[in-house]
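Colleague: Below is the file coords-v6.txt, with compact mmCIF, C-alpha atoms and all ligand atoms.
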# COMPACT_ATOMS: atom_id res chain seq x y z
CA MET C 1 -73.66 186.45 158.50
CA THR C 2 -71.27 188.39 160.75
CA GLU C 3 -68.10 186.64 161.77
CA TYR C 4 -68.01 185.59 165.38
CA LYS C 5 -65.60 187.51 167.60
CA GLN C 6 -64.71 185.94 170.88
CA ASP C 7 -65.26 188.52 173.63
CA SER C 8 -67.35 186.17 175.78
CA PRO C 9 -67.78 182.40 176.03
CA LEU C 10 -69.31 180.89 172.90
CA LEU C 11 -72.69 179.45 173.88
CA LEU C 12 -73.95 176.60 171.72
CA GLY C 13 -76.40 173.76 172.19
CA VAL C 14 -78.93 171.34 170.76
CA ILE C 15 -82.67 171.20 171.37
CA GLY C 16 -84.74 168.04 170.91
CA ASP C 17 -87.22 165.70 172.55
CA PRO C 18 -85.70 163.32 173.63
CA ILE C 19 -82.14 164.61 173.72
CA HIS C 20 -80.14 162.37 176.07
CA HIS C 21 -78.95 160.12 173.20
CA SER C 22 -77.48 162.99 171.17
CA LYS C 23 -73.80 162.69 170.28
CA SER C 24 -73.59 166.36 169.25
CA PRO C 25 -72.51 167.68 172.69
CA ALA C 26 -69.50 165.33 172.79
CA MET C 27 -68.62 166.11 169.17
CA HIS C 28 -68.86 169.89 169.46
CA GLY C 29 -67.30 169.94 172.92
CA ALA C 30 -64.22 168.22 171.51
CA ALA C 31 -64.22 170.59 168.53
CA LEU C 32 -64.31 173.71 170.74
CA ALA C 33 -61.44 172.35 172.80
CA ALA C 34 -59.42 171.58 169.66
CA LEU C 35 -60.03 175.09 168.32
CA GLY C 36 -59.09 176.65 171.67
CA ILE C 37 -62.44 178.43 171.91
CA ALA C 38 -63.83 179.16 175.37
CA GLY C 39 -67.44 178.07 175.43
CA ALA C 40 -69.87 175.22 175.83
CA TYR C 41 -72.26 173.09 173.77
CA VAL C 42 -75.12 171.78 175.90
CA PRO C 43 -78.01 169.36 175.30
CA MET C 44 -81.40 170.92 176.11
CA HIS C 45 -84.56 168.88 176.45
CA VAL C 46 -87.33 171.04 174.94
CA LYS C 47 -90.92 169.74 174.75
CA PRO C 48 -92.96 170.80 171.69
CA GLU C 49 -95.16 173.15 173.77
CA ALA C 50 -92.04 175.01 174.97
CA LEU C 51 -90.42 175.39 171.55
CA GLU C 52 -91.37 179.02 170.91
CA ALA C 53 -90.21 180.08 174.37
CA ALA C 54 -86.98 178.14 173.88
CA VAL C 55 -86.30 180.04 170.65
CA GLN C 56 -86.88 183.33 172.46
CA GLY C 57 -84.42 182.05 175.04
CA ILE C 58 -81.69 181.80 172.40
CA ARG C 59 -81.88 185.58 172.01
CA ALA C 60 -82.36 186.31 175.71
CA LEU C 61 -79.45 184.17 176.84
CA GLY C 62 -77.14 185.14 174.01
CA PHE C 63 -76.60 181.72 172.49
CA ARG C 64 -74.60 182.03 169.28
CA GLY C 65 -75.86 178.81 167.78
CA ILE C 66 -78.32 176.01 168.27
CA ASN C 67 -78.79 172.66 166.56
CA VAL C 68 -82.36 171.50 166.21
CA THR C 69 -83.23 167.84 166.18
CA ILE C 70 -86.27 165.55 166.18
CA PRO C 71 -89.12 166.49 166.49
CA HIS C 72 -88.51 170.26 166.09
CA LYS C 73 -86.82 170.56 162.68
CA VAL C 74 -89.97 171.73 160.86
CA ALA C 75 -91.92 173.24 163.78
CA VAL C 76 -89.11 175.69 164.62
CA MET C 77 -89.23 177.41 161.23
CA PRO C 78 -92.01 179.97 161.92
CA PHE C 79 -90.18 181.26 165.02
CA LEU C 80 -87.04 182.30 163.14
CA ASP C 81 -86.33 185.68 161.52
CA ARG C 82 -84.76 184.35 158.33
CA LEU C 83 -84.42 181.07 156.49
CA ASP C 84 -81.38 180.25 154.39
CA GLU C 85 -82.04 178.68 150.99
CA SER C 86 -80.80 175.33 152.37
CA ALA C 87 -83.57 175.35 154.97
CA ARG C 88 -86.22 176.44 152.47
CA ASP C 89 -85.16 173.70 150.04
CA ALA C 90 -85.14 170.98 152.67
CA GLY C 91 -88.27 172.28 154.38
CA ALA C 92 -86.50 171.83 157.71
CA VAL C 93 -83.94 173.54 159.97
CA ASN C 94 -81.17 171.77 161.86
CA THR C 95 -78.96 174.78 162.62
CA ILE C 96 -79.76 178.26 163.95
CA VAL C 97 -77.27 181.12 163.85
CA ASN C 98 -77.87 184.11 166.17
CA ASP C 99 -76.49 187.36 164.76
CA ASN C 100 -77.14 189.93 167.49
CA GLY C 101 -80.67 188.71 168.05
CA ILE C 102 -81.47 187.94 164.40
CA LEU C 103 -82.04 184.19 164.11
CA THR C 104 -81.34 182.50 160.77
CA GLY C 105 -82.27 178.87 160.09
CA PHE C 106 -79.99 176.67 157.99
CA ASN C 107 -80.07 173.03 156.99
CA THR C 108 -76.63 171.44 156.98
CA ASP C 109 -77.81 167.81 156.71
CA GLY C 110 -77.96 167.72 152.91
CA ILE C 111 -74.70 169.57 152.27
CA GLY C 112 -73.04 167.62 155.08
CA TYR C 113 -74.07 164.39 153.43
CA VAL C 114 -72.92 165.44 149.97
CA ARG C 115 -69.57 166.71 151.30
CA SER C 116 -69.04 163.33 152.95
CA LEU C 117 -70.14 161.30 149.92
CA LYS C 118 -67.75 163.25 147.68
CA ALA C 119 -64.85 163.06 150.13
CA GLU C 120 -65.20 159.36 150.91
CA ALA C 121 -66.75 157.67 147.87
CA ALA C 122 -67.75 159.66 144.78
CA PRO C 123 -65.62 162.78 144.16
CA ASP C 124 -67.60 163.81 141.09
CA LEU C 125 -71.36 163.33 141.04
CA ARG C 126 -71.89 164.99 137.67
CA GLY C 127 -73.81 162.63 135.42
CA ALA C 128 -74.20 159.97 138.14
CA ARG C 129 -77.46 158.04 138.23
CA ILE C 130 -78.63 157.94 141.81
CA LEU C 131 -81.29 155.77 143.46
CA VAL C 132 -82.53 157.15 146.79
CA LEU C 133 -84.39 154.77 149.10
CA GLY C 134 -86.96 156.61 151.25
CA ALA C 135 -88.90 159.84 150.84
CA GLY C 136 -89.05 161.21 154.39
CA GLY C 137 -87.49 164.29 155.94
CA ALA C 138 -83.93 163.02 155.53
CA ALA C 139 -84.46 162.22 151.85
CA LYS C 140 -85.81 165.69 151.14
CA GLY C 141 -82.69 167.55 152.26
CA ILE C 142 -80.39 165.07 150.60
CA VAL C 143 -82.14 165.03 147.23
CA THR C 144 -82.05 168.83 146.97
CA ALA C 145 -78.34 168.89 147.89
CA LEU C 146 -77.59 166.09 145.39
CA LEU C 147 -79.35 167.96 142.59
CA ARG C 148 -76.91 170.88 142.98
CA GLU C 149 -74.15 168.46 141.91
CA GLN C 150 -75.78 167.97 138.49
CA PRO C 151 -76.29 164.19 138.61
CA GLY C 152 -77.59 162.43 135.50
CA GLY C 153 -80.80 161.66 137.33
CA VAL C 154 -82.29 160.88 140.73
CA VAL C 155 -84.91 158.18 141.30
CA ILE C 156 -86.67 158.19 144.68
CA ALA C 157 -88.11 154.82 145.78
CA ASN C 158 -90.43 154.62 148.75
CA ARG C 159 -92.69 152.09 150.47
CA THR C 160 -95.46 154.68 150.17
CA SER C 161 -95.00 155.44 146.49
CA ASP C 162 -97.15 158.59 146.56
CA LYS C 163 -94.64 160.23 148.89
CA ALA C 164 -91.83 159.43 146.46
CA ARG C 165 -93.80 160.96 143.60
CA GLU C 166 -94.65 164.04 145.66
CA LEU C 167 -91.02 164.61 146.57
CA ALA C 168 -89.97 164.15 142.94
CA GLU C 169 -92.67 166.62 141.89
CA ALA C 170 -91.44 169.18 144.45
CA CYS C 171 -87.94 168.96 142.92
CA GLN C 172 -89.04 169.62 139.34
CA GLY C 173 -87.00 172.36 137.77
CA LYS C 174 -83.91 171.46 139.81
CA GLY C 175 -82.99 168.35 137.83
CA VAL C 176 -84.19 165.02 136.45
CA VAL C 177 -86.11 163.37 139.31
CA ALA C 178 -88.66 160.55 139.37
CA GLY C 179 -90.59 158.83 142.15
CA ILE C 180 -91.36 155.08 142.27
CA GLY C 181 -92.69 152.40 144.63
CA GLN C 182 -90.73 149.55 146.20
CA ALA C 183 -91.84 147.05 143.53
CA GLU C 184 -89.94 149.04 140.90
CA ILE C 185 -86.63 149.06 142.80
CA ALA C 186 -85.33 146.00 140.92
CA ASP C 187 -85.54 147.83 137.58
CA ALA C 188 -84.27 151.10 138.99
CA VAL C 189 -81.12 149.50 140.47
CA GLN C 190 -80.10 148.33 137.01
CA GLN C 191 -80.02 151.97 135.89
CA ALA C 192 -78.17 153.27 138.97
CA ASP C 193 -74.51 154.02 139.77
CA ILE C 194 -75.15 154.99 143.39
CA VAL C 195 -77.78 153.71 145.86
CA ILE C 196 -78.45 155.77 148.99
CA ASN C 197 -80.52 154.55 151.94
CA THR C 198 -82.27 157.43 153.73
CA THR C 199 -84.78 155.24 155.59
CA SER C 200 -84.32 154.15 159.19
CA VAL C 201 -84.37 150.48 158.14
CA GLY C 202 -81.31 148.75 159.60
CA MET C 203 -80.69 151.28 162.37
CA TYR C 204 -79.79 150.06 165.87
CA PRO C 205 -81.43 148.08 167.46
CA HIS C 206 -83.03 146.63 164.29
CA ILE C 207 -79.69 145.78 162.76
CA ASP C 208 -80.91 142.66 160.91
CA ASP C 209 -83.27 144.67 158.70
CA THR C 210 -82.32 145.84 155.22
CA PRO C 211 -84.15 148.31 152.95
CA MET C 212 -83.59 146.36 149.72
CA ASP C 213 -82.59 142.99 148.30
CA THR C 214 -78.82 143.29 147.94
CA GLN C 215 -78.75 140.49 145.32
CA LEU C 216 -79.87 143.22 142.92
CA LEU C 217 -76.62 145.16 143.34
CA ARG C 218 -73.79 145.03 140.80
CA PRO C 219 -70.10 144.96 141.71
CA GLY C 220 -68.58 148.42 141.45
CA MET C 221 -71.71 150.31 142.44
CA ILE C 222 -71.51 152.77 145.33
CA VAL C 223 -73.88 151.97 148.20
CA SER C 224 -74.35 154.64 150.84
CA ASP C 225 -76.32 154.53 154.08
CA LEU C 226 -77.20 157.57 156.19
CA ILE C 227 -77.29 155.38 159.29
CA TYR C 228 -74.15 155.59 161.46
CA ASN C 229 -75.26 153.29 164.27
CA PRO C 230 -74.21 150.63 163.41
CA LEU C 231 -71.29 152.03 161.43
CA ARG C 232 -71.81 149.21 158.93
CA THR C 233 -75.45 148.33 158.46
CA ARG C 234 -76.56 145.00 157.06
CA LEU C 235 -77.11 146.80 153.74
CA LEU C 236 -73.47 147.93 153.71
CA LEU C 237 -72.05 144.59 154.85
CA GLU C 238 -73.94 142.73 152.13
CA SER C 239 -73.04 145.37 149.54
CA LEU C 240 -69.40 144.91 150.39
CA GLU C 241 -69.75 141.16 149.83
CA ARG C 242 -71.30 141.93 146.43
CA GLY C 243 -68.20 143.92 145.46
CA CYS C 244 -69.74 147.37 145.92
CA MET C 245 -67.97 150.40 147.35
CA ILE C 246 -69.63 151.37 150.61
CA HIS C 247 -70.16 154.69 152.39
CA GLY C 248 -71.64 154.94 155.89
CA GLY C 249 -73.45 157.74 157.69
CA LEU C 250 -70.72 158.79 160.12
CA GLY C 251 -69.27 161.31 157.68
CA MET C 252 -72.66 162.95 157.20
CA PHE C 253 -73.10 163.36 160.93
CA VAL C 254 -69.62 164.83 161.32
CA ASN C 255 -70.02 167.16 158.33
CA GLN C 256 -73.47 168.47 159.25
CA GLY C 257 -71.86 169.43 162.56
CA ALA C 258 -68.79 170.82 160.83
CA TYR C 259 -70.86 173.15 158.63
CA ALA C 260 -72.83 174.31 161.67
CA LEU C 261 -69.63 175.05 163.62
CA GLU C 262 -68.20 176.89 160.62
CA TYR C 263 -71.32 179.06 160.42
CA TRP C 264 -71.11 179.84 164.15
CA THR C 265 -67.36 180.53 164.35
CA GLY C 266 -66.20 181.37 160.83
CA LEU C 267 -63.38 178.87 161.43
CA PRO C 268 -62.69 175.55 159.66
CA ALA C 269 -64.04 172.72 161.82
CA PRO C 270 -61.60 170.09 163.16
CA THR C 271 -63.40 167.21 161.46
CA ASP C 272 -60.77 164.59 162.38
CA VAL C 273 -61.24 165.30 166.07
CA MET C 274 -65.02 165.30 165.67
CA ARG C 275 -64.99 161.98 163.83
CA ARG C 276 -62.70 160.37 166.39
CA ILE C 277 -64.88 161.28 169.36
CA ILE C 278 -67.97 159.78 167.72
CA LEU C 279 -66.09 156.61 166.79
CA GLU C 280 -64.93 156.30 170.38
CA SER C 281 -68.45 156.72 171.70
CA LEU C 282 -69.70 154.05 169.27
CA GLY C 283 -66.97 151.70 170.38
CA GLY C 284 -65.39 151.72 166.92
CA ASN C 285 -61.83 152.53 165.97
P1 LIG K 301 -86.84 160.91 158.40
O1 LIG K 301 -87.19 162.32 158.71
O2 LIG K 301 -85.76 160.36 159.30
O3 LIG K 301 -86.56 160.66 156.96
P2 LIG K 301 -89.53 159.95 158.16
O4 LIG K 301 -89.92 161.26 157.59
O5 LIG K 301 -90.42 159.29 159.14
O6 LIG K 301 -88.11 160.05 158.85
O7 LIG K 301 -89.24 158.94 156.94
C1 LIG K 301 -88.82 157.65 157.14
C2 LIG K 301 -88.61 157.00 155.78
O8 LIG K 301 -88.25 155.63 155.99
C3 LIG K 301 -89.83 156.99 154.91
O9 LIG K 301 -89.45 157.02 153.57
C4 LIG K 301 -90.44 155.63 155.26
O10 LIG K 301 -91.32 155.11 154.28
P3 LIG K 301 -92.89 155.52 154.29
O11 LIG K 301 -92.96 156.91 153.72
O12 LIG K 301 -93.53 154.51 153.40
O13 LIG K 301 -93.35 155.46 155.70
C5 LIG K 301 -89.20 154.80 155.36
N1 LIG K 301 -89.41 153.59 156.17
C6 LIG K 301 -89.50 153.52 157.50
N2 LIG K 301 -89.67 152.25 157.89
C7 LIG K 301 -89.69 151.49 156.77
C8 LIG K 301 -89.80 150.09 156.48
N3 LIG K 301 -89.93 149.20 157.47
N4 LIG K 301 -89.77 149.68 155.19
C9 LIG K 301 -89.61 150.58 154.19
N5 LIG K 301 -89.49 151.91 154.40
C10 LIG K 301 -89.52 152.37 155.65
Using structure tokens, write down the structure that the file contains.
Modeller:
Amino acid sequence: MTEYKQDSPLLLGVIGDPIHHSKSPAMHGAALAALGIAGAYVPMHVKPEALEAAVQGIRALGFRGINVTIPHKVAVMPFLDRLDESARDAGAVNTIVNDNGILTGFNTDGIGYVRSLKAEAAPDLRGARILVLGAGGAAKGIVTALLREQPGGVVIANRTSDKARELAEACQGKGVVAGIGQAEIADAVQQADIVINTTSVGMYPHIDDTPMDTQLLRPGMIVSDLIYNPLRTRLLLESLERGCMIHGGLGMFVNQGAYALEYWTGLPAPTDVMRRIILESLGGN
């Protein structure tokens, strides 16, 4: 990747369908201002049928970087020139870097999550026994990033147990990974040091839902939730009551953006500023 040199405004943005809810423009806008970089980060509503043309537009308009969100993270892959290992591993792209017309797809979700987990809850994941709830797109990127940290083992539990087994199978050779169904969660929790929720269960507006029975948790365990709205899900609130250490999804969101910005600019991202603007927009503190 060539380092970005500022001889014209830095053009960045995010494509998705829908896109109006995205907090990325506010986060990256604040980051650009804090770095003193002239440029803009704009939300762009791109329908699936316009995705290929939109990718061509990145080159034509000279955008340096684009974030890709739902539902385009997988569909965008064939239109790019190169895929970084992170994108190949996760099977999805959330960040595109434009080097003079050459578009490379990255996935910063998994590494963003792991950076946040290590910074805020579990500095050393080596040997840790990790239970991952969910086997969807989010789980895929996170499991591959976790395996690079040499955990003792990863168990993936999913409502549709076949999907958990398939994901575990796809990770063979990268570490000790198993897939199970929801009925086996009770046993698996007993063997776990860290539980991570990658499902959407408990996300606003369904804030009374929880992806597992928290009575199963032991004091001292780390419980992490990818959801950042609400900042503390029911899973996290109940885990706290059980004496667990909790880790919410805000740090993942900030860090996936921070990695993207670092790839685009070659500069360290102002993560404090980025975190603050999201907290403000969520009405937190
Ligand atoms: P994402 O890309 O955000 O991970 P996804 O690929 O649709 O989204 O995956 C959502 C995950 O949440 C899946 O693991 C899903 O379980 P299934 O594979 O059985 O569908 C899980 N999930 C969603 N709603 C759920 C619910 N009410 N109870 C349990 N798991 C749920």
Colleague: Let me see if you get this right: every residue at most 9 Å from ligand LIG 301 (chain K), counting only C-alpha atoms and all ligand atoms, written as a ChimeraX atom specification.
Modeller: /C:70,133-140,157-164,182,197-202,209-212
Colleague: Those same residues, written as a PDB file, in the frame of the given file with C-alpha atoms?
Modeller:
ATOM      1  CA  ILE C  70     -86.270 165.550 166.180  1.00  0.00           C
ATOM      2  CA  LEU C 133     -84.390 154.770 149.100  1.00  0.00           C
ATOM      3  CA  GLY C 134     -86.960 156.610 151.250  1.00  0.00           C
ATOM      4  CA  ALA C 135     -88.900 159.840 150.840  1.00  0.00           C
ATOM      5  CA  GLY C 136     -89.050 161.210 154.390  1.00  0.00           C
ATOM      6  CA  GLY C 137     -87.490 164.290 155.940  1.00  0.00           C
ATOM      7  CA  ALA C 138     -83.930 163.020 155.530  1.00  0.00           C
ATOM      8  CA  ALA C 139     -84.460 162.220 151.850  1.00  0.00           C
ATOM      9  CA  LYS C 140     -85.810 165.690 151.140  1.00  0.00           C
ATOM     10  CA  ALA C 157     -88.110 154.820 145.780  1.00  0.00           C
ATOM     11  CA  ASN C 158     -90.430 154.620 148.750  1.00  0.00           C
ATOM     12  CA  ARG C 159     -92.690 152.090 150.470  1.00  0.00           C
ATOM     13  CA  THR C 160     -95.460 154.680 150.170  1.00  0.00           C
ATOM     14  CA  SER C 161     -95.000 155.440 146.490  1.00  0.00           C
ATOM     15  CA  ASP C 162     -97.150 158.590 146.560  1.00  0.00           C
ATOM     16  CA  LYS C 163     -94.640 160.230 148.890  1.00  0.00           C
ATOM     17  CA  ALA C 164     -91.830 159.430 146.460  1.00  0.00           C
ATOM     18  CA  GLN C 182     -90.730 149.550 146.200  1.00  0.00           C
ATOM     19  CA  ASN C 197     -80.520 154.550 151.940  1.00  0.00           C
ATOM     20  CA  THR C 198     -82.270 157.430 153.730  1.00  0.00           C
ATOM     21  CA  THR C 199     -84.780 155.240 155.590  1.00  0.00           C
ATOM     22  CA  SER C 200     -84.320 154.150 159.190  1.00  0.00           C
ATOM     23  CA  VAL C 201     -84.370 150.480 158.140  1.00  0.00           C
ATOM     24  CA  GLY C 202     -81.310 148.750 159.600  1.00  0.00           C
ATOM     25  CA  ASP C 209     -83.270 144.670 158.700  1.00  0.00           C
ATOM     26  CA  THR C 210     -82.320 145.840 155.220  1.00  0.00           C
ATOM     27  CA  PRO C 211     -84.150 148.310 152.950  1.00  0.00           C
ATOM     28  CA  MET C 212     -83.590 146.360 149.720  1.00  0.00           C
TER      29      MET C 212
END
Colleague: What is the CA of Met27 (chain C) to CA of Val14 (chain C) distance in Å?
Modeller: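 Interatomic distance, CA of Met27 (chain C) to CA of Val14 (chain C): 11.7 Å.
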Colleague: Using only C-alpha atoms, can you tell me which of C:Ile19, C:Leu125, C:Ala53, C:Leu11 comes closest to Leu32 (chain C)?
Modeller: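 The answer is C:Leu11, which sits nearest to Leu32 (chain C).
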Colleague: Which is closer to Pro123 (chain C) than all the others in C:Ile222, C:Asp208, C:Pro9, C:Ala168, using all atoms listed in the file?
Modeller: C:Ile222
Colleague: List the residues sitting within 6 Å of (-63.5, 183.9, 172.6) in the file's frame, using only C-alpha atoms, as a list in words.
Modeller: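 Those residues lying close to the given coordinates are Gln6, Asp7, Ser8, Pro9, Ile37 and Ala38 of chain C.
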Colleague: Mind checking which residues fall within 6 Å of Val132 (chain C), counting only C-alpha atoms, ignoring those fewer than 3 positions away in the same chain, and posting them as an MDAnalysis selection string?
Modeller: chainID C and resid 156 195:196
Colleague: Save the residues we just selected, C-alpha atoms, as an mmCIF file, in the coordinates of the input?
Modeller:
data_model
loop_
_atom_site.group_PDB
_atom_site.id
_atom_site.type_symbol
_atom_site.label_atom_id
_atom_site.label_comp_id
_atom_site.auth_asym_id
_atom_site.auth_seq_id
_atom_site.Cartn_x
_atom_site.Cartn_y
_atom_site.Cartn_z
ATOM 1 C CA ILE C 156 -86.670 158.190 144.680
ATOM 2 C CA VAL C 195 -77.780 153.710 145.860
ATOM 3 C CA ILE C 196 -78.450 155.770 148.990
#
Colleague: Can you tell me, as a PyMOL selection string, what residues are no more than 9 Å from Ile66 (chain C) when counting all atoms listed in the file, ignoring any on the same chain fewer than 6 positions away?
Modeller: chain C and resi 11-15+41+58+94-98+260
Colleague: Report, in Å with one decimal, the straight-line distance from CA of Ala145 (chain C) to CA of Ser86 (chain C).
Modeller: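 These two atoms are separated by 8.2 Å.
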Colleague: Please write as number ranges by chain the list of polymer residues whose atoms come within 8 Å of (-82.5, 175.1, 159.5), counting all atoms listed in the file and keeping to the coordinates of the file.
Modeller: C: 68, 73, 77, 83-84, 86-87, 92-96, 104-108
Colleague: Give me, please, the distance in Å between CA of Ala50 (chain C) and CA of Asn67 (chain C), quoted to one decimal.
Modeller: 15.9 Å
Colleague: Under the rule that all atoms listed in the file are counted, which of C:Arg148, C:Gly243, C:Glu49, C:Glu166 is the nearest residue to Arg115 (chain C)?
Modeller: C:Arg148
Colleague: Considering only C-alpha atoms, state which residue in the set C:Pro25, C:Gly57, C:Gly127, C:Gly112 is at the smallest distance from Phe253 (chain C).
Modeller: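 For Phe253 (chain C), the nearest of the given residues is C:Gly112.
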Colleague: Within 9 Å of Asp213 (chain C), counting all atoms listed in the file, which residues show up once you throw out same-chain ones fewer than 3 positions away? Write them as a list in words, please.
Modeller: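 Listing them by chain and then by number gives Ala186, Thr210, Leu216, Leu217 and Leu235 of chain C.
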Colleague: Emit as AutoDock Vina command-line options the padded axis-aligned box for all listed atoms of region 180-195 of chain C, 3 Å per side, with centre and edge lengths in Å to one decimal.
Modeller:
--center_x -83.6 --center_y 150.5 --center_z 141.0 --size_x 24.2 --size_y 15.1 --size_z 16.3
Colleague: Restricting the calculation to only C-alpha atoms, which member of C:Ile142, C:Ile246, C:Val177, C:Ala192 is positioned closest to Asp225 (chain C)?
Modeller: C:Ile246
Colleague: Hey, which of C:Ile207, C:Val189, C:Ile180, C:Leu103 ends up closest to Arg64 (chain C)? Count all atoms listed in the file.
Modeller: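 The answer is C:Leu103, which sits nearest to Arg64 (chain C).
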